[in-house]
Amino acid sequence: MSTLSGLFTTIVNMSITASYVAVVIILVRLLLRKAPKIFSYALWAVVLFRLICPLSFTSSFSFLGLLNIDLQNNAGVLEYVSNDIGFMQEPTVQSGIGSIDSAVNPSLPQTTPIASVNPMQIWMDVFSLIWLAGIVVLLSYSVISYIKIKRQLLTATLVKDNIYESDLIGTAFVCGFIHPKIYVPVDVGDADLSYILEHERTHIRRRDYLIKPVAFLAFILHWFNPLMWLSFALMSRDMEMSCDE
């Protein structure tokens, strides 16, 4: 299997683990509806960790330990999809949920004696290229969007300290990675300005202007997983709501 296919398989395995964790956090959020949103926001750090760390720490007391999954290597990496799936005579996946496995495994292409290349290997190479293309598209779109925003902010007027106002934006936000600045629309009334500034200052104090881009980059690696997009949307909502408390 090619290096790209191996990397894609690793990402798929990490994404499946993160999906299990995300489902648990979504359910926990329902129990924390009346609690401060900062607690819900903090929980998403677990999903982010699972998205970027391939290692899994399972025990009989952990949630992942309840799943019927074998560790395929000594590094402690959960392999729902084996890195050797492209060379298997009968490719299988082990999701930990029997009904899913029984539905997916029969549909996987089997090796035929007359074939010079395992069909599953071809499919994994194709999926890997699609995955890489998706990353390139999303990263390109993000960079272009950021450049457009920065150009709009060139005409912003300094109010005081790190606060700027612009007539080209419709909502307040923080922009910048090293020296973050607060940008507000010019038509914001004095009654709302203090509230808006405190909201944005909270983002800066918590380093949300760094956390959200890092999370977005992690989610881009897992763009094929719709549950991760839902997680990113819920995390962003919890981030914003926790700033208002």
# chains A, B, ... in the order shown; residues from 1 in each chain; ligands from 1
$ residues_around --residues "Ala233 in chain A" --least-positions-apart "5" --cutoff "12 Å" --atoms "only C-alpha atoms" --output "list in words"
Ile26, Tyr41, Trp44, Lys212, Ala215, Phe216, Phe219, Pro226, Leu227, Met228, Asp238, Met239 and Glu240 of chain A
$ closest_atom_pairs --of "range 147-244 of chain A" --to "range 2-17 of chain A" --cutoff "9 Å" --atoms "only C-alpha atoms" --output "Markdown table"
| residue | atom | partner | partner_atom | distance |
| --- | --- | --- | --- | --- |
| A:Leu221 | CA | A:Ile11 | CA | 7.5 |
| A:His222 | CA | A:Ser15 | CA | 6.4 |
| A:Asn225 | CA | A:Ser15 | CA | 7.2 |
| A:Met228 | CA | A:Ser15 | CA | 8.1 |
$ residues_around --residues "range 179-195 of chain A" --least-positions-apart "4" --cutoff "6 Å" --atoms "only C-alpha atoms" --output "list of chain:residue names"
A:Asn162, A:Ile163, A:Tyr164, A:Glu165, A:Ser166, A:Asp167, A:Ile169, A:Gly170, A:Ala172, A:Phe173, A:Val174, A:Cys175
$ write_last_selection --atoms "N, CA and C atoms" --output "mmCIF file, in the first residue's frame"
data_model
loop_
_atom_site.group_PDB
_atom_site.id
_atom_site.type_symbol
_atom_site.label_atom_id
_atom_site.label_comp_id
_atom_site.auth_asym_id
_atom_site.auth_seq_id
_atom_site.Cartn_x
_atom_site.Cartn_y
_atom_site.Cartn_z
ATOM 1 N N ASN A 162 -6.278 48.041 20.795
ATOM 2 C CA ASN A 162 -6.323 47.082 19.684
ATOM 3 C C ASN A 162 -7.722 47.000 19.073
ATOM 4 N N ILE A 163 -8.481 48.083 19.182
ATOM 5 C CA ILE A 163 -9.861 48.112 18.697
ATOM 6 C C ILE A 163 -9.932 48.947 17.422
ATOM 7 N N TYR A 164 -10.514 48.349 16.384
ATOM 8 C CA TYR A 164 -10.658 49.019 15.095
ATOM 9 C C TYR A 164 -12.122 48.962 14.662
ATOM 10 N N GLU A 165 -12.519 49.921 13.844
ATOM 11 C CA GLU A 165 -13.859 49.896 13.281
ATOM 12 C C GLU A 165 -13.777 49.988 11.765
ATOM 13 N N SER A 166 -14.757 49.341 11.117
ATOM 14 C CA SER A 166 -14.762 49.296 9.654
ATOM 15 C C SER A 166 -16.198 49.324 9.150
ATOM 16 N N ASP A 167 -16.384 49.954 8.001
ATOM 17 C CA ASP A 167 -17.713 49.991 7.387
ATOM 18 C C ASP A 167 -17.894 48.863 6.373
ATOM 19 N N ILE A 169 -17.581 45.521 7.317
ATOM 20 C CA ILE A 169 -17.919 44.281 8.021
ATOM 21 C C ILE A 169 -19.289 44.422 8.664
ATOM 22 N N GLY A 170 -19.948 43.285 8.845
ATOM 23 C CA GLY A 170 -21.292 43.312 9.400
ATOM 24 C C GLY A 170 -21.381 42.849 10.834
ATOM 25 N N ALA A 172 -18.831 42.002 14.638
ATOM 26 C CA ALA A 172 -17.536 42.143 15.304
ATOM 27 C C ALA A 172 -16.813 40.799 15.353
ATOM 28 N N PHE A 173 -15.489 40.848 15.316
ATOM 29 C CA PHE A 173 -14.698 39.627 15.419
ATOM 30 C C PHE A 173 -13.258 39.972 15.764
ATOM 31 N N VAL A 174 -12.515 38.935 16.132
ATOM 32 C CA VAL A 174 -11.089 39.066 16.427
ATOM 33 C C VAL A 174 -10.311 38.530 15.238
ATOM 34 N N CYS A 175 -9.273 39.243 14.835
ATOM 35 C CA CYS A 175 -8.455 38.804 13.705
ATOM 36 C C CYS A 175 -6.985 39.006 14.048
#
$ select_by_dssp --residues "range 116-173 of chain A" --states "alpha helix (DSSP H)" --output "PyMOL selection string"
chain A and resi 119-152
$ atom_distance --atom1 "CA of Val136 in chain A" --atom2 "CA of Leu217 in chain A"
11.5 Å
$ closest_residue --among "A:Ala218, A:Ile38, A:Ile122, A:Leu234" --to "Cys53 in chain A" --atoms "only C-alpha atoms"
A:Ala218
$ closest_residue --among "A:Tyr20, A:Tyr146, A:Trp131, A:Phe177" --to "Leu51 in chain A" --atoms "only C-alpha atoms"
A:Tyr20
